[in-house]
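Report on the following structure.
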Amino acid sequence: MPELPEVETTRRGIAPLVTGKTIARVVVRVPSLRWPVPADLARTLVGQTVLAVERRAKYLLLRCSGGHLIIHLGMTGHLRPVLAGAPARKHDHIDLEFTDGSCLRFHDPRRFGAFLWTPDDPHLHPLLVELGPEPFAVEMDGAYLHRRSRRRRAAVKPFIMDQSVVVGIGNIYASEALFRAGIHPGAEAGRLSLPRYERLAWAIREVLDQAIAAGGTTIRDFANTEGNPGYFALQLQVYGREGETCPHCDRPIKTERLGGRSTYYCSHCQKK
DNA sequence: AGTGCGGCCTGTCCGC
DNA sequence: TGCGGACAGGCCGCAC
């Protein structure tokens, strides 16, 4: 499901619901997620207070009194508030119940998500330690992308989706950022000039910023904490629009598979 | 070191 | 109406 804007939308939604609350009970109905949910997760969490809800890349970090709960939404995961004890539906895998009677419920049909615990600095966790800079970090600029791309022979689209290069960009926003930057997704990453990477860095920030402002993108099932869809789908210019007209030149938008992923672009407006 | 692919899962849709 | 296959917003682990 989620790329950075959807995770950030989730973070903003759950933060006011859980910050300052103390965990009373944890129900793990299905522990077989991307990695097994730790068998002692409930024992670890009960009695802990949630101090803050943070985000690193596409990971949510619940900063607790004794460590961090690391949550990844995978492809189809979401977190929603329910009343404690509300009947669980299919794929409602984990509940975090708080002492005030509120409950945060994790739902994830494909089970590519993750619930992990670390008592240490979460940024040093093996899953997080190799991550690249946040797209809004000052050092993530055109010069940075240009430098990191040298001698890379892969296409620029998988290059910007590489979370060790820059985090948060998934399949939707990669196509969108490249369209806004006028760069063909199949262009060889190592051959693009510095000015083109400067334009790309700007486009990445712009599209992610606008998507966050719109509450993320709902293609099939993403919903925010209130159960509402994200409205950035209305602002997608190429993703999912095969055969529709390019908003700039009116020629039909094309699609092809790149690195195993559907890719959308305008062959007239985007150059290699 | 960088690259490409299989695999993890369920649900949905499309063509036959 | 049923069925097989492809595909879906992520990403690890493995061969090369």
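How things are named: the first chain in the structure tokens is A, the next is B, and so on; residues count from 1 in each chain; ligands count from 1 in the order shown.
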
- request: Using DSSP on the backbone, list every residue of region 81-262 of chain A that comes out as helix (DSSP H, G or I), and give them as a ChimeraX atom specification.
  value: /A:122-124,142-149,156-161,171-181,189-191,194-213,232-235

Taking only C-alpha atoms (C1' of nucleotides) into account, produce a table as a tab-separated table in which each residue of chain C with an atom at most 12 Å from an atom of chain A appears once, together with its shortest atom pair and the distance in Å to one decimal, ordered by chain and rising number.
```
residue	atom	partner	partner_atom	distance
C:DC7	C1'	A:Ser262	CA	9.4
C:DA8	C1'	A:Met75	CA	8.4
C:DG9	C1'	A:Met1	CA	3.7
C:DG10	C1'	A:Gly74	CA	5.5
C:DC11	C1'	A:Gly74	CA	8.6
C:DC12	C1'	A:Arg34	CA	9.5
```

Could you write out the selected residues, including all heavy atoms, as a compact mmCIF listing (two decimals), in the first residue's frame?
```txt
# COMPACT_ATOMS: atom_id res chain seq x y z
P DC C 7 1.55 -9.16 -15.61
OP1 DC C 7 1.79 -8.31 -16.79
OP2 DC C 7 2.63 -9.97 -15.02
O5' DC C 7 0.94 -8.27 -14.45
C5' DC C 7 -0.31 -7.62 -14.63
C4' DC C 7 -0.83 -7.19 -13.28
O4' DC C 7 -1.29 -8.34 -12.56
C3' DC C 7 0.26 -6.58 -12.40
O3' DC C 7 0.08 -5.17 -12.33
C2' DC C 7 0.05 -7.23 -11.02
C1' DC C 7 -1.19 -8.05 -11.19
N1 DC C 7 -1.16 -9.34 -10.45
C2 DC C 7 -2.14 -9.57 -9.48
O2 DC C 7 -3.00 -8.70 -9.28
N3 DC C 7 -2.13 -10.74 -8.79
C4 DC C 7 -1.19 -11.64 -9.04
N4 DC C 7 -1.20 -12.77 -8.35
C5 DC C 7 -0.17 -11.41 -10.03
C6 DC C 7 -0.20 -10.26 -10.71
P DA C 8 1.25 -4.31 -11.64
OP1 DA C 8 1.31 -3.02 -12.36
OP2 DA C 8 2.46 -5.13 -11.50
O5' DA C 8 0.70 -4.07 -10.17
C5' DA C 8 -0.50 -3.33 -9.97
C4' DA C 8 -0.85 -3.36 -8.50
O4' DA C 8 -1.51 -4.60 -8.19
C3' DA C 8 0.36 -3.34 -7.58
O3' DA C 8 0.78 -1.99 -7.33
C2' DA C 8 -0.20 -3.98 -6.31
C1' DA C 8 -1.24 -4.96 -6.86
N9 DA C 8 -0.74 -6.34 -6.88
C8 DA C 8 0.27 -6.86 -7.62
N7 DA C 8 0.48 -8.14 -7.42
C5 DA C 8 -0.47 -8.48 -6.47
C6 DA C 8 -0.79 -9.69 -5.83
N6 DA C 8 -0.14 -10.84 -6.05
N1 DA C 8 -1.78 -9.69 -4.92
C2 DA C 8 -2.43 -8.55 -4.68
N3 DA C 8 -2.23 -7.35 -5.23
C4 DA C 8 -1.23 -7.38 -6.13
P DG C 9 2.20 -1.50 -7.90
OP1 DG C 9 1.82 -0.71 -9.08
OP2 DG C 9 3.18 -2.57 -8.04
O5' DG C 9 2.80 -0.53 -6.83
C5' DG C 9 2.06 0.47 -6.27
C4' DG C 9 2.79 1.09 -5.10
O4' DG C 9 1.80 1.79 -4.38
C3' DG C 9 3.36 0.15 -4.06
O3' DG C 9 4.22 0.90 -3.20
C2' DG C 9 2.14 -0.33 -3.33
C1' DG C 9 1.34 0.96 -3.31
N9 DG C 9 -0.10 0.74 -3.54
C8 DG C 9 -0.69 -0.14 -4.41
N7 DG C 9 -2.00 -0.10 -4.37
C5 DG C 9 -2.28 0.87 -3.42
C6 DG C 9 -3.51 1.35 -2.94
O6 DG C 9 -4.64 1.00 -3.28
N1 DG C 9 -3.35 2.34 -1.98
C2 DG C 9 -2.13 2.80 -1.54
N2 DG C 9 -2.15 3.74 -0.62
N3 DG C 9 -0.97 2.36 -1.97
C4 DG C 9 -1.12 1.40 -2.90
P DG C 10 5.70 0.46 -3.06
OP1 DG C 10 6.43 1.49 -2.31
OP2 DG C 10 6.13 0.04 -4.40
O5' DG C 10 5.58 -0.85 -2.14
C5' DG C 10 5.12 -0.76 -0.83
C4' DG C 10 6.10 -1.40 0.15
O4' DG C 10 6.07 -2.83 -0.04
C3' DG C 10 7.55 -0.98 -0.04
O3' DG C 10 8.14 -0.94 1.25
C2' DG C 10 8.13 -2.06 -0.91
C1' DG C 10 7.34 -3.29 -0.48
N9 DG C 10 7.07 -4.23 -1.56
C8 DG C 10 6.70 -3.94 -2.84
N7 DG C 10 6.50 -5.01 -3.57
C5 DG C 10 6.77 -6.06 -2.70
C6 DG C 10 6.72 -7.47 -2.91
O6 DG C 10 6.43 -8.07 -3.95
N1 DG C 10 7.06 -8.17 -1.77
C2 DG C 10 7.39 -7.61 -0.57
N2 DG C 10 7.69 -8.45 0.42
N3 DG C 10 7.43 -6.31 -0.35
C4 DG C 10 7.11 -5.60 -1.46
P DC C 11 9.69 -0.55 1.42
OP1 DC C 11 9.80 0.00 2.77
OP2 DC C 11 10.07 0.22 0.23
O5' DC C 11 10.48 -1.92 1.39
C5' DC C 11 10.24 -2.88 2.40
C4' DC C 11 11.02 -4.12 2.09
O4' DC C 11 10.44 -4.80 0.96
C3' DC C 11 12.49 -3.86 1.69
O3' DC C 11 13.25 -4.85 2.30
C2' DC C 11 12.46 -4.07 0.19
C1' DC C 11 11.49 -5.24 0.14
N1 DC C 11 10.96 -5.56 -1.20
C2 DC C 11 10.68 -6.89 -1.49
O2 DC C 11 10.88 -7.75 -0.62
N3 DC C 11 10.21 -7.22 -2.72
C4 DC C 11 10.01 -6.27 -3.63
N4 DC C 11 9.54 -6.63 -4.81
C5 DC C 11 10.28 -4.91 -3.35
C6 DC C 11 10.75 -4.59 -2.13
P DC C 12 14.64 -4.52 3.00
OP1 DC C 12 14.39 -3.70 4.19
OP2 DC C 12 15.57 -4.06 1.96
O5' DC C 12 15.08 -5.98 3.48
C5' DC C 12 14.16 -6.76 4.21
C4' DC C 12 14.25 -8.20 3.77
O4' DC C 12 13.68 -8.37 2.45
C3' DC C 12 15.68 -8.74 3.71
O3' DC C 12 15.69 -10.00 4.33
C2' DC C 12 15.96 -8.83 2.21
C1' DC C 12 14.58 -9.09 1.63
N1 DC C 12 14.39 -8.62 0.24
C2 DC C 12 14.00 -9.52 -0.75
O2 DC C 12 13.85 -10.70 -0.46
N3 DC C 12 13.82 -9.06 -2.02
C4 DC C 12 13.99 -7.77 -2.30
N4 DC C 12 13.79 -7.37 -3.56
C5 DC C 12 14.38 -6.84 -1.30
C6 DC C 12 14.58 -7.30 -0.05
```

- prompt: Contacts of DC14 (chain B) at 12 Å or less, counting only C-alpha atoms (C1' of nucleotides), minus same-chain residues fewer than 2 places along, as a PyMOL selection string?
  reply: (chain B and resi 12+16) or (chain C and resi 3-7)

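Distance criterion 8 Å to chain B, applied with only C-alpha atoms (C1' of nucleotides), yields Arg34, Pro109, Arg110, Arg111, Phe112, Arg152, Ala154 and Gly259 of chain A on chain A.
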
- request: Determine which residues of region 14-155 of chain A receive a DSSP assignment of strand (DSSP E), computed from the backbone, and state them as a ChimeraX atom specification.
  value: /A:23-28,50-56,59-64,67-72,78-83,92-98,102-107,114-118

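Relative to CA of Gly230 (chain A), CA of Glu198 (chain A) is found at 28.2 Å.
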
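Look at Val82 (chain A): the protein and nucleic acid residues within 12 Å of it, using only C-alpha atoms (C1' of nucleotides) and passing over chain neighbours fewer than 4 places away, are Ile14, Leu17, Ala86, Pro87, Ala88, Arg89, Asp92, Ile94, Asp95, Leu96, Glu97, Phe98, Gly101, Ser102, Cys103, Leu104, Arg105, Phe106, His107, Thr225, Glu226 and Gly227 of chain A.
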